[in-house]
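What follows is one structure encoded as structure tokens, with my remarks underneath.
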Amino acid sequence: MIPISSDTHVELRNFNRVLQAQAARHASKPVLRFLNAQCETSHAWRYEDLDAQARRIASHLLSHARRGDRVMLLFPNGAEFISAFIGCLYAGMIAVPVYAFDQQRLQKSLPLLVNVLRDSGAAVLLAPDELVQQLKMPLMSQPELAATVRLAALETACAAAPLEAIADPDPSQIAFLQYTSGSTGRPKGVMVSHGNLVDNERRIAAAFRIDASSRGVFWLPHYHDMGLIGGLLQPLYSAFESTFISPAHFARDPLSWLETISACEANLSGAPNFAYELCARDPSEERVERLQLGQWRTAFCGAEPIRAQTLQRFTDRFAPRGFNGGAFLPCYGLAEATLFVTGRFGDVAQISRAFDADALRGGVAQPAAEGADPYRAVSSGYVGAPGEVVVADPDTLAPCADGQVGEILVCTASVAQGYWENEEATRAIFQAQVAGFDGNYLRTGDLGFIADGELFVSGRRKELIILNGRNYYPQDLEATVLERTAALKPAACAAFGIERDGAEQLVVVLAVRRTDIGAEEGLAVLADAAAAVGAVHGVPVARLVLAPPRAIGKTTSGKLQRAACREQYLRGALETVLAWPAQDGAQLAAPEMVAPATPVERWLHSACCALMKRDGIGMTASLLEMGMNSIELAQLAAAIEGRFGFAPDISEVFAQPTLQALAAGIDARLQQLVATMPEQQLRELLGALDAA
């Protein structure tokens, strides 16, 4: 690792120089290794190979565009993405990594892609050849994009002559735009400069105690700030070897993450809270018994609320396999601060404290008294140098006293330059002035407090919803619900997250003008709207409430008062006309319990009951209504693939989320395979199905 002293920090003023310095020092060192679905190495980058490939890509990009132009990167997780990203930096262009484009749901994904293309003004879209061919017709048929965007295939770019002189940008120059995921309105591209990136990597290396002996394992999406900056770029910055499995691999089989850590003898890894929860609850005792986790010394956790109960469950489950709870490193960060802001090591007893829940709701953090309702909050680390992280009154921006809840504001060299071509939002979010402190502060929109120099995050003032580590904008979810409930004459819609059973869940309140809605009609429309949210956004609705028009208030400027609606819901004070699923737990129109009839249905029913840990699942009942989330659906798809050799399209499962429909799809695929399947193999398959 290059020591980042004050002198070398000046010299390494951009990420290109960091890469060149590390490539010169560790040319033949393997640094990034990617595993396929069978956990075999599909590709490994050494510094010299990655440098050569990135130079070829940079050369090709410069034949299509100029330095400073934006290049959209559309890649799945894997070796190709990082070579394309570094190629953009070498060319002096601005990388625009976006969500993992779903080729199976082109029509649903395309509007989001077009929104980012338009907002960023990208001159080039770089992607694998297959995806370029698929996008050519829908994108080039739009005149404004056809005239401004060049489609470039990675395979062609990799054949170009390497660029001799790579760009040497000023620290203030933009390295990439980190777009907030999922917005169907105007997206916001966070402008991360080379100086921001180098500073944040330096902070991560110091806080995570990274050194020459570090070995990482990661599965986070490459386009996500934690997966990109903490997962891909930190190993390149600090010159340690890391191994990557895909997010889909983790979703299908969460325990594979820990198995990879064990097999690679990795000592550095991490994920959002939900990933630790999934592993802690995994029932596979035999696989857990084979894990060796004693070498894992940095287990970071961030990107969503961190729960002490989850960390304790994980510790209890894996301590017999060598895991040390002192390896936990809860973190606080956000894309607008590049990634990392604060963090600290410690086991659950060290990093969490019990506060009085009632007092905390009133805006004051005080230790829980004997017999009081306790809320166990997890520390996100020490606030660092004076003035780097402050908590202030959200309305006046006057600093709060210790223990007083307010908005978290940040002023460090990692704070990004603002939002791309959005001066109004940049002024409002990135240029706040805090009384008694110099400089511009980033308004995070998160609520928290400082106690004994440690930062505790207590909630979100902004209305972003975080489910399974992914960000969802309430207006996107609301738009889908409004579209599917037009028959009810909706007046307003409010989506928000609540915590239930140690996890964040989605609640949607729909205010309607109609007063003649029968229970059967209302439940049918609400169930359809919930299914649409699952199909479009990949997230289940825990509860959808029908309310009178006055239930959702608006400000004088016409903005929805989602926070007030959420507070009413949590207090049980929300006036309700109808709720889905019904309060008594009844499903829509009380569907009859249809038993499995065929061998495929019987196997599928057994697998689903085991996965959801419940009996009595009817073949025609909606899996989404019963609370199955996208992670569980991915795990069900993996089980189907393991049994039959092929996996269903998850988007189809969301569109028709019943076991009967899923079984029919499997039967149809099996019929196609029967003609080519050896008779003995067919008998074994049918015998296994009958046994199930």
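Naming works like this for the structure tokens: A, B, ... for the chains as they're shown, residue 1 at the start of each chain, ligands 1 onward in shown order.
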
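The environment of stretch 202-214 of chain A within 7 Å, counting only C-alpha atoms and disregarding residues fewer than 4 places along the same chain, consists of Met1, Val198, Phe240, Asn267, Leu268, Thr298, Phe340 and Gly343 of chain A.
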
List every residue of stretch 335-454 of chain A that DSSP, applied to the backbone of this structure, places in alpha helix (DSSP H), and write the result as a list in words.
Val348, Ala349, Gln350, Ile351, Ala357, Asp358, Ala359, Leu360, Arg361, Glu423, Glu424, Ala425, Thr426, Arg427, Ala428, Ile429 and Phe430 of chain A

Residue selection dump (N, CA and C atoms) as a compact mmCIF listing (two decimals), in the first residue's frame:
# COMPACT_ATOMS: atom_id res chain seq x y z
N VAL A 348 -20.97 -5.74 19.89
CA VAL A 348 -22.29 -5.11 20.11
C VAL A 348 -22.32 -4.34 21.42
N ALA A 349 -21.72 -4.89 22.46
CA ALA A 349 -21.72 -4.20 23.76
C ALA A 349 -20.96 -2.88 23.69
N GLN A 350 -19.92 -2.82 22.86
CA GLN A 350 -19.10 -1.61 22.76
C GLN A 350 -19.72 -0.55 21.85
N ILE A 351 -20.40 -0.96 20.80
CA ILE A 351 -20.85 0.00 19.79
C ILE A 351 -22.32 0.38 19.92
N ALA A 357 -36.55 5.44 24.80
CA ALA A 357 -37.25 5.55 23.52
C ALA A 357 -38.19 6.75 23.49
N ASP A 358 -38.91 7.00 24.58
CA ASP A 358 -39.84 8.13 24.62
C ASP A 358 -39.10 9.45 24.51
N ALA A 359 -38.00 9.57 25.23
CA ALA A 359 -37.21 10.81 25.18
C ALA A 359 -36.63 11.01 23.78
N LEU A 360 -36.20 9.92 23.16
CA LEU A 360 -35.61 10.02 21.82
C LEU A 360 -36.64 10.49 20.80
N ARG A 361 -37.87 10.00 20.94
CA ARG A 361 -38.94 10.47 20.04
C ARG A 361 -39.20 11.95 20.24
N GLU A 423 -28.24 23.52 -10.21
CA GLU A 423 -27.72 24.53 -9.29
C GLU A 423 -28.62 24.73 -8.07
N GLU A 424 -29.92 24.67 -8.29
CA GLU A 424 -30.84 24.89 -7.17
C GLU A 424 -30.67 23.82 -6.10
N ALA A 425 -30.65 22.55 -6.51
CA ALA A 425 -30.47 21.47 -5.55
C ALA A 425 -29.08 21.51 -4.93
N THR A 426 -28.07 21.89 -5.71
CA THR A 426 -26.71 21.99 -5.18
C THR A 426 -26.63 23.04 -4.08
N ARG A 427 -27.22 24.21 -4.32
CA ARG A 427 -27.22 25.26 -3.29
C ARG A 427 -27.92 24.78 -2.03
N ALA A 428 -29.06 24.12 -2.20
CA ALA A 428 -29.86 23.71 -1.04
C ALA A 428 -29.20 22.62 -0.23
N ILE A 429 -28.50 21.71 -0.88
CA ILE A 429 -27.96 20.52 -0.20
C ILE A 429 -26.48 20.66 0.14
N PHE A 430 -25.69 21.26 -0.74
CA PHE A 430 -24.24 21.26 -0.58
C PHE A 430 -23.66 22.57 -0.04

May I have the residues within 7 Å of A:Met619 as a PyMOL selection string, using only C-alpha atoms and disregarding those fewer than 5 positions away in the same chain?
chain A and resi 594-596+658-660

Go ahead and dump the residues you just picked, N, CA and C atoms, as a PDB file, in the first residue's frame.
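Output (selection01.pdb):
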ATOM      1  N   VAL A 594     -55.964 -24.156  -2.399  1.00  0.00           N
ATOM      2  CA  VAL A 594     -55.780 -25.119  -3.473  1.00  0.00           C
ATOM      3  C   VAL A 594     -54.512 -25.909  -3.203  1.00  0.00           C
ATOM      4  N   ALA A 595     -54.642 -27.222  -3.106  1.00  0.00           N
ATOM      5  CA  ALA A 595     -53.508 -28.093  -2.801  1.00  0.00           C
ATOM      6  C   ALA A 595     -52.715 -28.404  -4.063  1.00  0.00           C
ATOM      7  N   PRO A 596     -51.420 -28.710  -3.928  1.00  0.00           N
ATOM      8  CA  PRO A 596     -50.631 -29.084  -5.098  1.00  0.00           C
ATOM      9  C   PRO A 596     -51.121 -30.411  -5.668  1.00  0.00           C
ATOM     10  N   THR A 658     -47.898 -16.659  -8.158  1.00  0.00           N
ATOM     11  CA  THR A 658     -48.513 -17.794  -7.490  1.00  0.00           C
ATOM     12  C   THR A 658     -47.722 -19.050  -7.810  1.00  0.00           C
ATOM     13  N   LEU A 659     -47.781 -20.014  -6.899  1.00  0.00           N
ATOM     14  CA  LEU A 659     -47.074 -21.269  -7.126  1.00  0.00           C
ATOM     15  C   LEU A 659     -47.658 -22.021  -8.321  1.00  0.00           C
ATOM     16  N   GLN A 660     -48.950 -21.887  -8.513  1.00  0.00           N
ATOM     17  CA  GLN A 660     -49.586 -22.568  -9.637  1.00  0.00           C
ATOM     18  C   GLN A 660     -49.057 -22.046 -10.969  1.00  0.00           C
TER      19      GLN A 660
END

Spatial neighbours of A:Leu236, max dist 7 Å, only C-alpha atoms, sep filter under 3 positions, as a PyMOL selection string
chain A and resi 19+31+233+239

For the residues selected in the previous step, produce a file with C-alpha atoms as an mmCIF file, in the first residue's frame.
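Produced file selection19.cif, reproduced below:
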data_model
loop_
_atom_site.group_PDB
_atom_site.id
_atom_site.type_symbol
_atom_site.label_atom_id
_atom_site.label_comp_id
_atom_site.auth_asym_id
_atom_site.auth_seq_id
_atom_site.Cartn_x
_atom_site.Cartn_y
_atom_site.Cartn_z
ATOM 1 C CA LEU A 19 -3.219 3.699 -10.312
ATOM 2 C CA VAL A 31 -5.601 -7.498 -7.389
ATOM 3 C CA LEU A 233 -11.608 0.962 -6.096
ATOM 4 C CA ALA A 239 -2.983 -2.761 -3.511
#

Quick one: contact table of stretch 481-531 of chain A to stretch 570-583 of chain A, 7 Å max, nearest atom pair and distance in Å to one decimal per residue, counting only C-alpha atoms, chain and number order, as a Markdown table?
| residue | atom | partner | partner_atom | distance |
| --- | --- | --- | --- | --- |
| A:Leu523 | CA | A:Trp580 | CA | 6.3 |
| A:Leu526 | CA | A:Trp580 | CA | 6.5 |
| A:Ala527 | CA | A:Trp580 | CA | 6.9 |

Residues near A:Gly325, anyone? I mean within 6 Å using only C-alpha atoms, not counting same-chain ones fewer than 2 positions away, as a VMD selection string.
chain A and resid 315 327 to 328 347

Could you save the residues just selected, with N, CA and C atoms, as a tab-separated table (two decimals), in the first residue's frame?
chain	number	residue	atom	x	y	z
A	315	THR	N	-23.38	-12.56	15.53
A	315	THR	CA	-22.27	-12.95	16.40
A	315	THR	C	-22.56	-14.29	17.07
A	327	ALA	N	-14.88	-7.46	15.34
A	327	ALA	CA	-14.56	-7.11	13.95
A	327	ALA	C	-15.59	-6.18	13.34
A	328	PHE	N	-16.76	-6.06	13.97
A	328	PHE	CA	-17.80	-5.21	13.40
A	328	PHE	C	-17.32	-3.76	13.28
A	347	ASP	N	-17.51	-4.73	19.38
A	347	ASP	CA	-18.59	-5.71	19.44
A	347	ASP	C	-19.88	-4.99	19.84

Computed interatomic separation between atom CA of A:Ile245 and atom CA of A:Trp219 (Å):
4.9 Å
